[in-house]
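Notes follow once the structure below has been shown.
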Amino acid sequence: AAEAETNVKPLDTAGLVAIASSALSTAFAQPTKDPTPTSEVSPCTLGCSSCCYLPVNVTVPEAVHAFWAALTAVDPTDLGNRIASASHQTRGLDGSDRLRARVPCPLLDTDGSCTIYDARPAYCRAYNARSSRDACDRLIGPSRGLADPNAVVVADPAPFDAAFAAQSRIDNDLEHAGAQSPHLDLTHALSLLYAEPSTYKDWLQGRVDEWVRSP
């Protein structure tokens, strides 16, 4: 027990960023059981951002990690406007309505690239397609109206296993530190962190408004 306690990171901003960074780098560095065949070239490239219109489930450390990375990558005023707009447009929407709304992640740049790529949460890393980019655009991409029910997107399952492993490790790290680990909607979590960066302290004690929780 004493040895385990020495590995617990402090639950301040730096400690939470370290917890997220370590879990993400470890989980996604592991060899996968079902790797994408070398003969298959993933269509996921810079500017391919269809999956960035989906809600993202994050842990508290991932939200804090993403928030502070964004503050160094995007003009703070512009960042605040993006986050406020995205949160306002998606608040109260369920999964299908969120998809139909076509509201991009507030951390997405104008060229379709991620402004916090190296600090992106686990489930952002999980979306890797084996089907064509057009299929992704037709199903969940921008400016297409309602999703095309005939579009079929084949996802690579291995990164989803890694995302689950990363978040499970984070959950365990927080539990060992005596904190709770609610899962949050990234956009709404960012809106509260922008308004008050210490909001994460309430989350770690289980005080989370329902509209911020990940569905």
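How things are named: the first chain in the structure tokens is A, the next is B, and so on; residues count from 1 in each chain; ligands count from 1 in the order shown.
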
List as a ChimeraX atom specification the protein and nucleic acid residues near Cys52 of chain A, meaning an atom at most 10 Å away when only C-alpha atoms are counted, but skip any in the same chain fewer than 4 places from it.
/A:48,56,102-108,112-114,124,127,140-142

Test item: residues at most 10 Å from Leu16 of chain A, only C-alpha atoms, excluding those fewer than 3 positions along its chain, as a VMD selection string
chain A and resid 9 to 13 19 to 22 60 to 65 170 173 to 174 200

Those selected residues, please, written with N, CA and C atoms and delivered as a tab-separated table (two decimals), in the first residue's frame.
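The resulting file, selection29.tsv, is reproduced below:
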```tsv
chain	number	residue	atom	x	y	z
A	9	LYS	N	-0.19	10.78	-8.25
A	9	LYS	CA	0.19	12.13	-8.65
A	9	LYS	C	-0.74	13.14	-7.98
A	10	PRO	N	-0.23	14.33	-7.64
A	10	PRO	CA	-1.09	15.33	-7.02
A	10	PRO	C	-2.21	15.74	-7.96
A	11	LEU	N	-3.36	16.01	-7.39
A	11	LEU	CA	-4.52	16.32	-8.22
A	11	LEU	C	-4.68	17.82	-8.43
A	12	ASP	N	-3.59	18.47	-8.84
A	12	ASP	CA	-3.67	19.84	-9.31
A	12	ASP	C	-3.62	19.78	-10.83
A	13	THR	N	-3.59	20.93	-11.48
A	13	THR	CA	-3.60	20.94	-12.94
A	13	THR	C	-2.45	20.14	-13.53
A	19	ILE	N	-1.29	12.66	-15.45
A	19	ILE	CA	-2.08	11.42	-15.43
A	19	ILE	C	-2.62	11.12	-16.82
A	20	ALA	N	-3.20	12.12	-17.48
A	20	ALA	CA	-3.77	11.92	-18.82
A	20	ALA	C	-2.69	11.58	-19.83
A	21	SER	N	-1.60	12.35	-19.82
A	21	SER	CA	-0.53	12.15	-20.79
A	21	SER	C	0.08	10.76	-20.67
A	22	SER	N	0.31	10.31	-19.44
A	22	SER	CA	0.92	8.99	-19.23
A	22	SER	C	-0.02	7.88	-19.69
A	60	VAL	N	-11.86	13.61	-16.42
A	60	VAL	CA	-11.46	14.94	-15.95
A	60	VAL	C	-10.02	15.27	-16.36
A	61	PRO	N	-9.04	14.37	-16.16
A	61	PRO	CA	-7.68	14.70	-16.60
A	61	PRO	C	-7.57	14.99	-18.09
A	62	GLU	N	-8.32	14.26	-18.91
A	62	GLU	CA	-8.27	14.51	-20.35
A	62	GLU	C	-8.82	15.90	-20.68
A	63	ALA	N	-9.90	16.29	-20.00
A	63	ALA	CA	-10.49	17.61	-20.24
A	63	ALA	C	-9.51	18.71	-19.85
A	64	VAL	N	-8.87	18.56	-18.72
A	64	VAL	CA	-7.89	19.55	-18.26
A	64	VAL	C	-6.69	19.60	-19.20
A	65	HIS	N	-6.22	18.43	-19.61
A	65	HIS	CA	-5.09	18.34	-20.56
A	65	HIS	C	-5.43	19.07	-21.86
A	170	ILE	N	-6.90	5.89	-16.17
A	170	ILE	CA	-7.15	7.19	-15.55
A	170	ILE	C	-8.16	7.05	-14.41
A	173	ASP	N	-6.33	5.62	-11.51
A	173	ASP	CA	-5.42	6.59	-10.88
A	173	ASP	C	-6.19	7.54	-9.97
A	174	LEU	N	-7.34	8.00	-10.43
A	174	LEU	CA	-8.13	8.92	-9.63
A	174	LEU	C	-8.72	8.21	-8.41
A	200	TYR	N	-12.50	21.83	-12.23
A	200	TYR	CA	-12.19	20.40	-12.15
A	200	TYR	C	-12.21	19.89	-10.71
```

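Atom CA of Gly15 of chain A to atom CA of Ala27 of chain A spans 18.3 Å [interatomic distance, one decimal].
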
Residues of segment 49-141 of chain A at most 12 Å from segment 179-198 of chain A: nearest atom pair and distance in Å, only C-alpha atoms, as CSV:
```
residue,atom,partner,partner_atom,distance
A:Cys52,CA,A:Thr187,CA,11.1
A:Tyr53,CA,A:Thr187,CA,10.9
A:Leu54,CA,A:Thr187,CA,10.3
A:Pro55,CA,A:Asp185,CA,6.6
A:Val56,CA,A:Leu186,CA,5.5
A:Asn57,CA,A:Asp185,CA,5.2
A:Val58,CA,A:Leu184,CA,5.2
A:Thr59,CA,A:His183,CA,4.8
A:Val60,CA,A:Ser181,CA,6.7
A:Pro61,CA,A:Ser181,CA,9.0
A:Glu62,CA,A:Leu186,CA,8.7
A:Ala63,CA,A:Leu186,CA,6.3
A:Val64,CA,A:Leu193,CA,7.7
A:His65,CA,A:Leu190,CA,10.4
A:Ala66,CA,A:Leu190,CA,8.2
A:Phe67,CA,A:Leu190,CA,6.2
A:Trp68,CA,A:Pro197,CA,9.2
A:Ala69,CA,A:Leu190,CA,11.5
A:Ala70,CA,A:Leu190,CA,9.7
A:Leu71,CA,A:Tyr194,CA,9.3
A:Pro76,CA,A:Tyr194,CA,9.1
A:Thr77,CA,A:Tyr194,CA,10.2
A:Asp78,CA,A:Tyr194,CA,11.6
A:Leu79,CA,A:Tyr194,CA,8.8
A:Gly80,CA,A:Tyr194,CA,6.7
A:Asn81,CA,A:Ser191,CA,9.6
A:Arg82,CA,A:Ser191,CA,9.3
A:Ile83,CA,A:Ser191,CA,5.7
A:Ala84,CA,A:Ser191,CA,6.0
A:Ser85,CA,A:Ser191,CA,9.3
A:Ala86,CA,A:Thr187,CA,6.9
A:Ser87,CA,A:His188,CA,5.4
A:His88,CA,A:His188,CA,8.7
A:Gln89,CA,A:Thr187,CA,10.4
A:Thr90,CA,A:Thr187,CA,8.6
A:Arg91,CA,A:His188,CA,7.7
A:Gly92,CA,A:His188,CA,10.5
A:Leu93,CA,A:Asp185,CA,11.5
A:Asp94,CA,A:Asp185,CA,11.5
A:Gly95,CA,A:Asp185,CA,11.3
A:Arg98,CA,A:Thr187,CA,11.8
A:Val103,CA,A:Thr187,CA,10.4
A:Pro104,CA,A:Thr187,CA,9.8
A:Cys105,CA,A:Thr187,CA,7.0
A:Pro106,CA,A:Thr187,CA,7.1
A:Leu107,CA,A:Thr187,CA,8.9
A:Leu108,CA,A:Thr187,CA,11.4
A:Arg120,CA,A:Leu186,CA,10.4
A:Pro121,CA,A:Leu186,CA,8.8
A:Ala122,CA,A:Leu186,CA,11.3
A:Tyr123,CA,A:Leu186,CA,10.5
A:Cys124,CA,A:Leu186,CA,10.3
```

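When only C-alpha atoms are used to compute distances to Ala23 of chain A, the closest of the residues A:Val208, A:Ala163, A:Ala101, A:Cys51 turns out to be A:Ala163.
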